>>> print(open('entry_3.cif').read())   # mmCIF, C-alpha atoms and all ligand atoms
data_work
loop_
_atom_site.label_atom_id
_atom_site.label_comp_id
_atom_site.auth_asym_id
_atom_site.auth_seq_id
_atom_site.Cartn_x
_atom_site.Cartn_y
_atom_site.Cartn_z
CA MET A 9 0.00 0.00 0.00
CA PRO A 10 1.58 3.34 -1.01
CA GLY A 11 2.49 5.58 1.92
CA GLU A 12 2.28 2.68 4.39
CA THR A 13 4.63 3.03 7.37
CA LEU A 14 5.95 0.41 9.77
CA SER A 15 7.42 0.35 13.27
CA LEU A 16 11.10 -0.56 13.69
CA ALA A 17 10.08 -3.92 15.18
CA GLU A 18 7.95 -4.69 12.09
CA ALA A 19 10.76 -3.53 9.80
CA ALA A 20 13.23 -5.79 11.65
CA GLN A 21 10.91 -8.76 11.23
CA LEU A 22 10.49 -8.11 7.50
CA LEU A 23 14.23 -7.71 6.95
CA GLY A 24 14.99 -10.73 9.15
CA VAL A 25 17.40 -8.77 11.31
CA HIS A 26 17.57 -7.70 14.96
CA TYR A 27 15.68 -4.60 16.10
CA MET A 28 18.99 -2.94 17.01
CA THR A 29 20.24 -3.44 13.44
CA VAL A 30 17.27 -1.55 12.00
CA TYR A 31 17.71 1.10 14.65
CA ARG A 32 21.34 1.45 13.56
CA TYR A 33 20.24 1.78 9.90
CA VAL A 34 18.03 4.69 10.98
CA ARG A 35 20.68 6.26 13.16
CA THR A 36 23.33 6.10 10.44
CA GLY A 37 20.94 7.50 7.82
CA LEU A 38 20.72 4.33 5.70
CA LEU A 39 17.01 4.03 6.29
CA PRO A 40 14.90 7.21 6.27
CA ALA A 41 12.53 7.42 9.24
CA GLN A 42 10.05 9.81 10.80
CA ARG A 43 9.57 10.29 14.50
CA GLU A 44 6.06 9.81 15.91
CA GLY A 45 6.10 10.73 19.57
CA SER A 46 8.78 8.58 21.13
CA THR A 47 8.96 6.01 18.30
CA TRP A 48 10.20 5.83 14.74
CA ARG A 49 8.19 4.89 11.61
CA VAL A 50 9.71 3.84 8.31
CA ALA A 51 8.05 3.79 4.89
CA ARG A 52 7.52 0.33 3.39
CA SER A 53 8.88 1.68 0.08
CA ASP A 54 12.15 2.70 1.78
CA LEU A 55 12.38 -0.75 3.32
CA THR A 56 11.91 -2.41 -0.07
CA ALA A 57 14.60 -0.15 -1.56
CA LEU A 58 16.95 -1.03 1.29
CA SER A 59 16.43 -4.79 1.06
CA SER A 60 16.92 -4.84 -2.72
CA ALA A 61 20.03 -2.66 -2.56
CA PRO A 62 23.51 -4.20 -2.68
CA PRO A 63 24.76 -5.54 0.69
CA VAL A 64 24.26 -2.96 3.39
CA ARG A 65 27.19 -1.94 5.56
CA PRO A 66 25.94 0.68 8.03
CA ALA A 67 29.23 0.95 9.89
CA PRO A 68 32.18 -1.33 9.34
CA ARG A 69 32.37 -3.81 12.18
CA VAL A 70 35.14 -6.13 13.17
CA ARG A 71 34.66 -9.56 11.60
CA ARG A 72 34.78 -12.64 13.77
CA GLY A 73 37.67 -14.95 13.08
CA ARG A 74 39.79 -12.09 11.80
CA ARG A 75 40.47 -10.56 15.18
CA PRO A 76 44.04 -9.38 15.38
CA SER A 77 46.06 -10.30 18.41
CA LEU A 78 44.88 -7.47 20.62
CA GLU A 79 44.48 -9.92 23.48
CA GLY A 80 48.14 -10.97 23.24
CA ARG A 81 49.28 -7.33 23.15
CA LEU A 82 47.20 -6.43 26.20
CA LEU A 83 48.45 -9.43 28.16
CA VAL A 84 52.11 -8.55 27.67
CA GLY A 85 51.44 -4.88 28.47
CA ASP A 86 52.40 -3.80 24.95
CA GLU A 87 50.61 -0.46 24.66
CA ALA A 88 52.28 0.53 21.39
CA GLY A 89 51.39 -2.83 19.84
CA ALA A 90 47.79 -2.58 21.09
CA TRP A 91 47.53 0.91 19.62
CA ALA A 92 48.96 -0.39 16.30
CA VAL A 93 46.23 -3.06 16.23
CA ALA A 94 43.63 -0.34 16.90
CA GLU A 95 45.04 1.92 14.19
CA ALA A 96 45.14 -0.92 11.67
CA ALA A 97 41.48 -1.69 12.40
CA LEU A 98 40.53 1.99 12.04
CA ALA A 99 42.52 2.27 8.81
CA SER A 100 40.66 -0.71 7.37
CA GLY A 101 37.33 1.01 8.02
CA THR A 102 36.34 -0.17 11.49
CA SER A 103 34.51 2.62 13.33
CA PRO A 104 36.00 3.70 16.69
CA GLU A 105 32.75 2.59 18.31
CA SER A 106 32.97 -0.89 16.79
CA LEU A 107 36.59 -1.06 17.89
CA LEU A 108 35.45 -0.72 21.51
CA VAL A 109 32.20 -2.69 21.36
CA ASP A 110 33.07 -5.48 18.92
CA LEU A 111 36.80 -5.87 19.50
CA LEU A 112 37.96 -4.55 22.88
CA ALA A 113 34.94 -5.66 24.96
CA PRO A 114 35.02 -9.31 23.72
CA THR A 115 38.79 -9.33 24.19
CA LEU A 116 38.34 -8.27 27.83
CA LYS A 117 35.62 -10.87 28.23
CA SER A 118 37.97 -13.54 26.94
CA ILE A 119 40.66 -12.38 29.39
CA GLY A 120 38.06 -12.56 32.20
CA ASP A 121 37.04 -16.08 31.17
CA ARG A 122 40.66 -17.20 31.06
CA TRP A 123 41.23 -15.68 34.51
CA GLU A 124 38.12 -17.45 35.83
CA SER A 125 39.37 -20.80 34.48
CA GLY A 126 42.73 -20.30 36.17
CA GLU A 127 44.68 -19.97 32.91
CA LEU A 128 45.60 -16.34 33.63
CA THR A 129 46.65 -14.75 36.90
CA VAL A 130 45.20 -11.64 38.51
CA ALA A 131 48.42 -9.85 37.54
CA ASP A 132 47.89 -10.81 33.87
CA GLU A 133 44.38 -9.39 34.00
CA HIS A 134 45.48 -6.19 35.80
CA ARG A 135 48.24 -5.56 33.29
CA ALA A 136 45.86 -6.09 30.37
CA SER A 137 43.14 -3.85 31.79
CA GLY A 138 45.68 -1.07 32.46
CA VAL A 139 46.63 -1.02 28.78
CA ALA A 140 42.96 -1.27 27.80
CA PHE A 141 42.19 1.82 29.89
CA ARG A 142 44.92 3.81 28.19
CA LEU A 143 43.69 2.67 24.79
CA VAL A 144 40.15 3.82 25.59
CA GLY A 145 41.47 7.19 26.80
CA ARG A 146 43.57 7.68 23.69
CA LEU A 147 40.68 6.80 21.39
CA GLY A 148 38.41 9.14 23.34
CA ALA A 149 40.73 12.09 22.83
CA ARG A 150 41.16 11.31 19.15
CA PHE A 151 37.50 11.11 18.22
CA ASN A 152 35.92 13.76 20.42
CA ARG A 153 33.14 15.57 18.60
CA ARG A 154 33.05 19.35 18.67
CA GLY A 155 29.98 21.54 18.32
CA VAL A 156 26.62 21.85 20.02
CA LYS A 157 25.89 19.05 22.46
CA ARG A 158 22.66 17.07 22.43
CA GLY A 159 22.38 17.04 26.22
CA THR A 160 24.26 15.92 29.31
CA VAL A 161 24.39 12.42 30.76
CA VAL A 162 25.96 11.59 34.12
CA LEU A 163 27.62 8.15 34.05
CA ALA A 164 28.78 6.18 37.06
CA ALA A 165 29.34 2.75 38.53
CA PRO A 166 27.84 2.45 42.02
CA ALA A 167 29.68 2.14 45.34
CA GLY A 168 31.82 -0.99 45.50
CA GLU A 169 31.73 -1.54 41.73
CA LEU A 170 35.37 -1.38 40.66
CA HIS A 171 34.77 -2.01 36.97
CA GLY A 172 35.43 1.43 35.54
CA LEU A 173 36.23 0.33 31.99
CA PRO A 174 32.58 -0.20 31.02
CA VAL A 175 31.92 3.38 32.18
CA ALA A 176 34.88 4.72 30.19
CA ILE A 177 33.74 2.85 27.08
CA GLY A 178 30.10 3.93 27.46
CA ALA A 179 31.25 7.53 27.98
CA ASN A 180 33.32 7.51 24.77
CA VAL A 181 30.43 6.17 22.73
CA LEU A 182 28.02 8.81 24.07
CA ARG A 183 30.55 11.61 23.50
CA TRP A 184 31.16 10.48 19.92
CA HIS A 185 27.42 10.81 19.36
CA GLY A 186 27.30 14.39 20.54
CA TYR A 187 26.48 14.09 24.23
CA GLU A 188 28.18 15.91 27.06
CA VAL A 189 29.20 13.24 29.57
CA VAL A 190 29.95 13.72 33.23
CA GLU A 191 32.02 10.60 33.80
CA LEU A 192 32.24 9.71 37.49
CA GLY A 193 33.78 6.28 36.90
CA ALA A 194 33.99 3.32 39.28
CA ASP A 195 32.94 3.07 42.92
CA THR A 196 30.85 6.24 43.18
CA PRO A 197 29.18 6.62 46.60
CA ALA A 198 25.40 7.15 46.36
CA ALA A 199 25.52 10.52 48.13
CA ALA A 200 28.33 11.77 45.90
CA LEU A 201 26.43 10.74 42.78
CA ALA A 202 23.27 12.47 44.01
CA ALA A 203 25.20 15.65 44.84
CA ALA A 204 26.94 15.66 41.44
CA VAL A 205 23.60 15.23 39.66
CA ALA A 206 22.01 18.03 41.73
CA SER A 207 24.79 20.42 40.82
CA GLU A 208 24.60 19.37 37.17
CA SER A 209 20.83 20.03 37.13
CA SER A 210 21.40 23.64 38.09
CA ALA A 211 24.51 24.13 35.94
CA ARG A 212 24.50 26.12 32.73
CA GLY A 213 25.23 24.09 29.63
CA PRO A 214 23.49 21.26 27.78
CA ALA A 215 20.30 20.09 29.55
CA LEU A 216 20.66 17.10 31.84
CA LEU A 217 18.99 14.15 30.06
CA ALA A 218 19.68 11.18 32.31
CA VAL A 219 21.76 9.57 34.99
CA ALA A 220 23.19 6.22 33.85
CA VAL A 221 24.45 3.58 36.26
CA ALA A 222 26.52 0.56 35.20
CA CYS A 223 26.43 -2.72 37.13
CA THR A 224 29.08 -5.24 36.10
CA THR A 225 29.15 -7.50 39.16
CA GLY A 226 26.04 -8.87 40.88
CA ALA A 227 27.04 -7.33 44.21
CA SER A 228 26.71 -3.83 42.82
CA VAL A 229 22.99 -4.10 42.03
CA ALA A 230 22.07 -3.40 45.67
CA ALA A 231 24.42 -0.41 45.64
CA ALA A 232 22.77 0.81 42.44
CA ARG A 233 19.38 0.63 44.19
CA GLU A 234 20.79 2.79 47.00
CA ALA A 235 22.14 5.23 44.44
CA VAL A 236 18.67 5.58 42.88
CA ALA A 237 17.14 6.17 46.32
CA ALA A 238 19.72 8.88 47.05
CA LEU A 239 19.05 10.49 43.66
CA ARG A 240 15.31 10.58 44.31
CA GLU A 241 15.83 11.95 47.80
CA GLU A 242 17.99 14.70 46.35
CA GLY A 243 15.13 15.62 43.98
CA CYS A 244 16.59 14.17 40.76
CA ARG A 245 13.89 14.44 38.10
CA VAL A 246 15.64 12.97 35.06
CA PRO A 247 15.31 9.26 34.20
CA VAL A 248 17.75 6.80 35.69
CA VAL A 249 19.16 4.45 33.06
CA MET A 250 20.71 1.20 34.25
CA GLY A 251 22.55 -1.55 32.43
CA GLY A 252 25.63 -3.72 32.33
CA ALA A 253 26.59 -7.37 32.54
CA ALA A 254 25.15 -7.92 36.03
CA LEU A 255 21.56 -7.12 35.05
CA ALA A 256 19.70 -9.98 33.40
CA ASP A 257 16.91 -7.86 31.95
CA GLY A 258 14.73 -4.77 32.25
CA GLN A 259 12.72 -6.29 35.09
CA GLU A 260 15.81 -6.60 37.23
CA ALA A 261 16.87 -3.06 36.35
CA ARG A 262 13.44 -1.72 37.30
CA ARG A 263 13.51 -3.67 40.57
CA ALA A 264 16.74 -1.81 41.29
CA GLY A 265 14.89 1.46 40.73
CA ALA A 266 15.81 2.22 37.11
CA ASP A 267 13.38 3.93 34.78
CA ILE A 268 15.11 2.60 31.67
CA TYR A 269 17.15 -0.56 31.03
CA SER A 270 20.16 -0.08 28.75
CA GLY A 271 21.14 -3.69 28.10
CA ARG A 272 24.68 -5.03 28.12
CA ARG A 273 26.43 -3.16 25.34
CA ALA A 274 27.48 0.43 24.89
CA ASP A 275 25.41 0.73 21.70
CA GLU A 276 22.30 -0.28 23.66
CA LEU A 277 23.15 2.44 26.18
CA LEU A 278 23.41 4.89 23.28
CA ALA A 279 20.05 3.73 21.90
CA ALA A 280 18.44 4.23 25.30
CA VAL A 281 19.81 7.77 25.61
CA ASP A 282 18.93 8.56 21.99
CA GLU A 283 15.34 7.61 22.76
CA LEU A 284 15.28 10.41 25.33
CA THR A 285 16.15 13.05 22.78
CA ARG A 286 13.82 14.56 20.26
CA GLY A 287 14.29 15.83 16.76
CA PRO A 288 16.57 14.65 13.98
CA ARG A 289 19.87 13.00 14.82
CA PRO A 290 23.12 14.46 13.58
CA PRO A 291 24.62 12.45 10.71
C1 LIG B 301 39.14 -5.83 34.05
C2 LIG B 301 38.31 -6.61 35.03
C3 LIG B 301 38.45 -6.29 36.38
C4 LIG B 301 39.28 -5.12 36.87
C5 LIG B 301 38.51 -3.83 36.56
C6 LIG B 301 39.44 -2.74 36.12
C7 LIG B 301 38.69 -1.51 35.69
N1 LIG B 301 39.26 -0.40 36.09
O1 LIG B 301 37.64 -1.55 35.06
C8 LIG B 301 39.39 -5.41 38.41
C9 LIG B 301 40.71 -6.06 38.69
C10 LIG B 301 39.22 -4.23 39.33
C11 LIG B 301 38.30 -6.45 38.60
C12 LIG B 301 37.86 -6.81 39.84
C13 LIG B 301 36.95 -7.82 40.06
N2 LIG B 301 36.38 -8.60 39.14
CO1 LIG B 301 36.53 -8.29 37.23
N3 LIG B 301 36.72 -8.34 35.40
C14 LIG B 301 37.41 -7.61 34.59
C15 LIG B 301 37.18 -8.07 33.14
C16 LIG B 301 38.34 -8.93 32.71
C17 LIG B 301 36.95 -6.97 32.13
C18 LIG B 301 35.84 -5.98 32.52
C19 LIG B 301 35.57 -5.07 31.41
O2 LIG B 301 36.03 -3.96 31.37
N4 LIG B 301 34.84 -5.60 30.40
C20 LIG B 301 34.61 -4.90 29.15
C21 LIG B 301 33.38 -4.05 29.22
C22 LIG B 301 33.21 -3.41 27.91
O3 LIG B 301 32.34 -4.79 29.72
P1 LIG B 301 30.79 -4.77 29.45
O4 LIG B 301 30.19 -5.45 30.61
O5 LIG B 301 30.51 -5.32 28.10
O6 LIG B 301 30.41 -3.20 29.47
C23 LIG B 301 29.33 -2.69 28.73
C24 LIG B 301 28.04 -2.59 29.49
O7 LIG B 301 28.30 -2.10 30.80
C25 LIG B 301 27.29 -1.57 28.61
N5 LIG B 301 26.28 -0.82 29.31
C26 LIG B 301 24.98 -1.11 29.28
N6 LIG B 301 24.31 -0.26 30.01
C27 LIG B 301 25.17 0.62 30.53
C28 LIG B 301 24.95 1.70 31.34
C29 LIG B 301 26.04 2.48 31.72
C30 LIG B 301 25.83 3.62 32.60
C31 LIG B 301 27.34 2.18 31.24
C32 LIG B 301 28.51 2.99 31.63
C33 LIG B 301 27.55 1.07 30.43
C34 LIG B 301 26.44 0.30 30.07
O8 LIG B 301 28.31 -0.72 28.08
C35 LIG B 301 29.60 -1.23 28.41
C36 LIG B 301 30.54 -0.98 27.29
O9 LIG B 301 30.15 -1.72 26.12
C37 LIG B 301 35.86 -8.86 33.31
C38 LIG B 301 35.58 -9.88 32.23
C39 LIG B 301 34.30 -9.54 31.45
N7 LIG B 301 33.51 -10.53 31.11
O10 LIG B 301 33.99 -8.40 31.18
C40 LIG B 301 35.97 -9.37 34.74
C41 LIG B 301 34.71 -9.68 35.53
C42 LIG B 301 33.65 -8.63 35.26
N8 LIG B 301 35.19 -9.58 36.90
C43 LIG B 301 34.70 -10.48 37.68
C44 LIG B 301 35.01 -10.61 39.04
C45 LIG B 301 34.49 -11.86 39.73
C46 LIG B 301 35.76 -9.66 39.72
C47 LIG B 301 36.09 -9.64 41.23
C48 LIG B 301 34.95 -10.06 42.15
C49 LIG B 301 37.33 -10.51 41.42
C50 LIG B 301 37.78 -10.65 42.86
N9 LIG B 301 37.63 -11.84 43.38
O11 LIG B 301 38.23 -9.72 43.45
C51 LIG B 301 36.50 -8.18 41.43
C52 LIG B 301 35.26 -7.32 41.80
C53 LIG B 301 35.63 -5.95 42.16
C54 LIG B 301 34.44 -5.11 42.42
N10 LIG B 301 34.09 -4.96 43.69
O12 LIG B 301 33.85 -4.57 41.51
C55 LIG B 301 33.73 -11.36 36.96
C56 LIG B 301 32.28 -10.96 37.30
C57 LIG B 301 31.41 -12.15 37.58
C58 LIG B 301 30.03 -11.72 38.02
N11 LIG B 301 29.05 -12.11 37.23
O13 LIG B 301 29.85 -11.05 39.00
C59 LIG B 301 34.15 -11.15 35.46
C60 LIG B 301 33.00 -11.33 34.45
C61 LIG B 301 35.29 -12.15 35.17
C62 LIG B 301 34.82 -13.57 35.12
N12 LIG B 301 34.69 -14.16 33.94
O14 LIG B 301 34.56 -14.17 36.13
N13 LIG B 301 37.88 -6.96 37.41
#
>>> encode(input="entry_3.cif", output="C-alpha cells")
Amino acid sequence: MPGETLSLAEAAQLLGVHYMTVYRYVRTGLLPAQREGSTWRVARSDLTALSSAPPVRPAPRVRRGRRPSLEGRLLVGDEAGAWAVAEAALASGTSPESLLVDLLAPTLKSIGDRWESGELTVADEHRASGVAFRLVGRLGARFNRRGVKRGTVVLAAPAGELHGLPVAIGANVLRWHGYEVVELGADTPAAALAAAVASESSARGPALLAVAVACTTGASVAAAREAVAALREEGCRVPVVMGGAALADGQEARRAGADIYSGRRADELLAAVDELTRGPRPP
C-alpha cells in the first residue's frame, strides 16, 4: 500500500534482522525514518529499496575470526602494539565505536574467562586492563566531537563496583554521538552521585537528560538501588538508566529502581539515551 509506514520492530521482522540493526540503519541514515512521539516509523517503500540494494554496511564492524592479536598485546602490556592493532582496524574502516564494542569488549571478556578458568593470573588481567584503559582514553581524545551538544548524561558505577572500563567505554560512545558526559567512573558513593547530579541540574550548559548507572558484578545491584534512592531523595527528576553485565533484563533493572534498562552493550546504552532526545539525529 503506497504511503504505508511500519514500526522498527515490524521492519526488523520483514528484513529478518535484529531490532537494534534496523535502529542502527536509521541512526546512520541508511534508512529514512520519521519520528512519531517517542517512536520511529519507516516507509515500506524505503524498506523495499533497502532490502533490494547491494549488501548494506551501516558501519564497518570487526569480523569474527579475523580478530588481530589485541588480546596478546594487552596481556604482555604492549601499549604501542595494542595501539597499532587499533590503528590498523581503524585504517581498514572499522569505526571507533565498533573497535570498543566489537573488539575490545570481547577481548576483555575472553581475558576474564581465562582468569576465571585459572589460565591467567590476577596480575595478567590487571596488566591487560591497564593497557585497555589507556587505549580507551587515547581513542576518546582522538574522536571527540566538537559543536553543540545534544544534552548531558551523568555516568557512574555504584559504590563498591570497581569495573570502571565499562563506564569509560560507554562515555566515549556517548561523546562520539554528541552528548556531554559527566564521567564519574567506578565506585561512586550514592551521596556523591546524588550531589553531582544536583549540581549538574542547576549548571549552565546542555540540559541534563539522564543519569546512567553501570552494574558489572552482581554485588553492585544493591548499591545501584541505593544510588537511585539517594538520587530521588535529592530531587533528581531525570530518568535513571541502568545496564551492564550484572543485570539480566529490564525487570531486574526496574527492581533496582531504574526507569530505563540499557542492556549489556554500549550501543544499547546509546540507543536508550537517543530515545530520550527529540528531533533529527546528527549524521
Ligand atoms: C578488568 C576486570 C576487572 C578489573 C577492573 C578494572 C577496571 N578499572 O575496570 C578489576 C581487577 C578491578 C576487577 C575486579 C573484580 N572482578 Co573483574 N573483570 C574484569 C574483566 C576482565 C573486564 C571488565 C571489562 O572492562 N569488560 C569490558 C566491558 C566493555 O564490559 P561490558 O560489561 O561489556 O560493558 C558494557 C556494558 O556495561 C554496557 N552498558 C549497558 N548499560 C550501561 C549503562 C552504563 C551507565 C554504562 C557505563 C555502560 C552500560 O556498556 C559497556 C561498554 O560496552 C571482566 C571480564 C568480562 N567478562 O567483562 C571481569 C569480571 C567482570 N570480573 C569479575 C570478578 C568476579 C571480579 C572480582 C569479584 C574478582 C575478585 N575476586 O576480586 C572483582 C570485583 C571488584 C568489584 N568490587 O567490583 C567477573 C564478574 C562475575 C560476576 N558475574 O559477578 C568477570 C565477568 C570475570 C569472570 N569471567 O569471572 N575486574
>>> closest_residue(input="entry_3.cif", among="A:Gly251, A:Gly120, A:Gly193, A:Gly243", to="Gly226 of chain A", atoms="only C-alpha atoms")
A:Gly251
>>> axis_aligned_box(input="entry_3.cif", around="ligand LIG 301 (chain B)", padding_each_side="3 Å", output="JSON")
{"center_x": 32.5, "center_y": -5.3, "center_z": 34.9, "size_x": 22.4, "size_y": 23.8, "size_z": 23.6}
>>> closest_residue(input="entry_3.cif", among="A:Cys223, A:Ala238, A:Leu83, A:Leu111", to="Val130 of chain A", atoms="only C-alpha atoms")
A:Leu83
>>> residues_near_ligand(input="entry_3.cif", ligand="ligand LIG 301 (chain B)", cutoff="6 Å", atoms="only C-alpha atoms and all ligand atoms", output="PyMOL selection string")
chain A and resi 109+113+116-117+119-121+124+134+137+163-164+168-175+177-178+220-222+224-226+250-254+270-274+277
>>> atom_distance(input="entry_3.cif", atom1="atom CA of Gly213 of chain A", atom2="atom CA of Thr196 of chain A")
23.1 Å
>>> closest_residue(input="entry_3.cif", among="A:Ala198, A:Val161, A:Val181, A:Ala237", to="Leu284 of chain A", atoms="all atoms listed in the file")
A:Val161
>>> atom_distance(input="entry_3.cif", atom1="atom CA of Arg49 of chain A", atom2="atom CA of Leu16 of chain A")
6.5 Å
>>> atom_distance(input="entry_3.cif", atom1="atom CA of Ser103 of chain A", atom2="atom CA of Leu147 of chain A")
11.0 Å
>>> closest_residue(input="entry_3.cif", among="A:Ala165, A:Ala17, A:Ala227, A:Val93", to="Arg81 of chain A", atoms="only C-alpha atoms")
A:Val93
>>> closest_residue(input="entry_3.cif", among="A:Val229, A:Val249, A:Leu192, A:Leu14", to="Glu276 of chain A", atoms="only C-alpha atoms")
A:Val249
>>> residues_around(input="entry_3.cif", residues="Pro197 of chain A", least_positions_apart="6", cutoff="8 Å", atoms="all atoms listed in the file", output="list in words")
Pro166, Ala167 and Ala235 of chain A
>>> closest_residue(input="entry_3.cif", among="A:Asp195, A:Ser77, A:Thr160, A:Arg52", to="Ser228 of chain A", atoms="all atoms listed in the file")
A:Asp195
>>> residues_around(input="entry_3.cif", residues="Pro104 of chain A", least_positions_apart="6", cutoff="9 Å", atoms="only C-alpha atoms", output="PDB file with C-alpha atoms, keeping the file's coordinate frame")
ATOM      1  CA  ALA A  94      43.630  -0.340  16.900  1.00  0.00           C
ATOM      2  CA  ALA A  97      41.480  -1.690  12.400  1.00  0.00           C
ATOM      3  CA  LEU A  98      40.530   1.990  12.040  1.00  0.00           C
ATOM      4  CA  LEU A 147      40.680   6.800  21.390  1.00  0.00           C
ATOM      5  CA  GLY A 148      38.410   9.140  23.340  1.00  0.00           C
ATOM      6  CA  PHE A 151      37.500  11.110  18.220  1.00  0.00           C
ATOM      7  CA  VAL A 181      30.430   6.170  22.730  1.00  0.00           C
ATOM      8  CA  TRP A 184      31.160  10.480  19.920  1.00  0.00           C
TER       9      TRP A 184
END
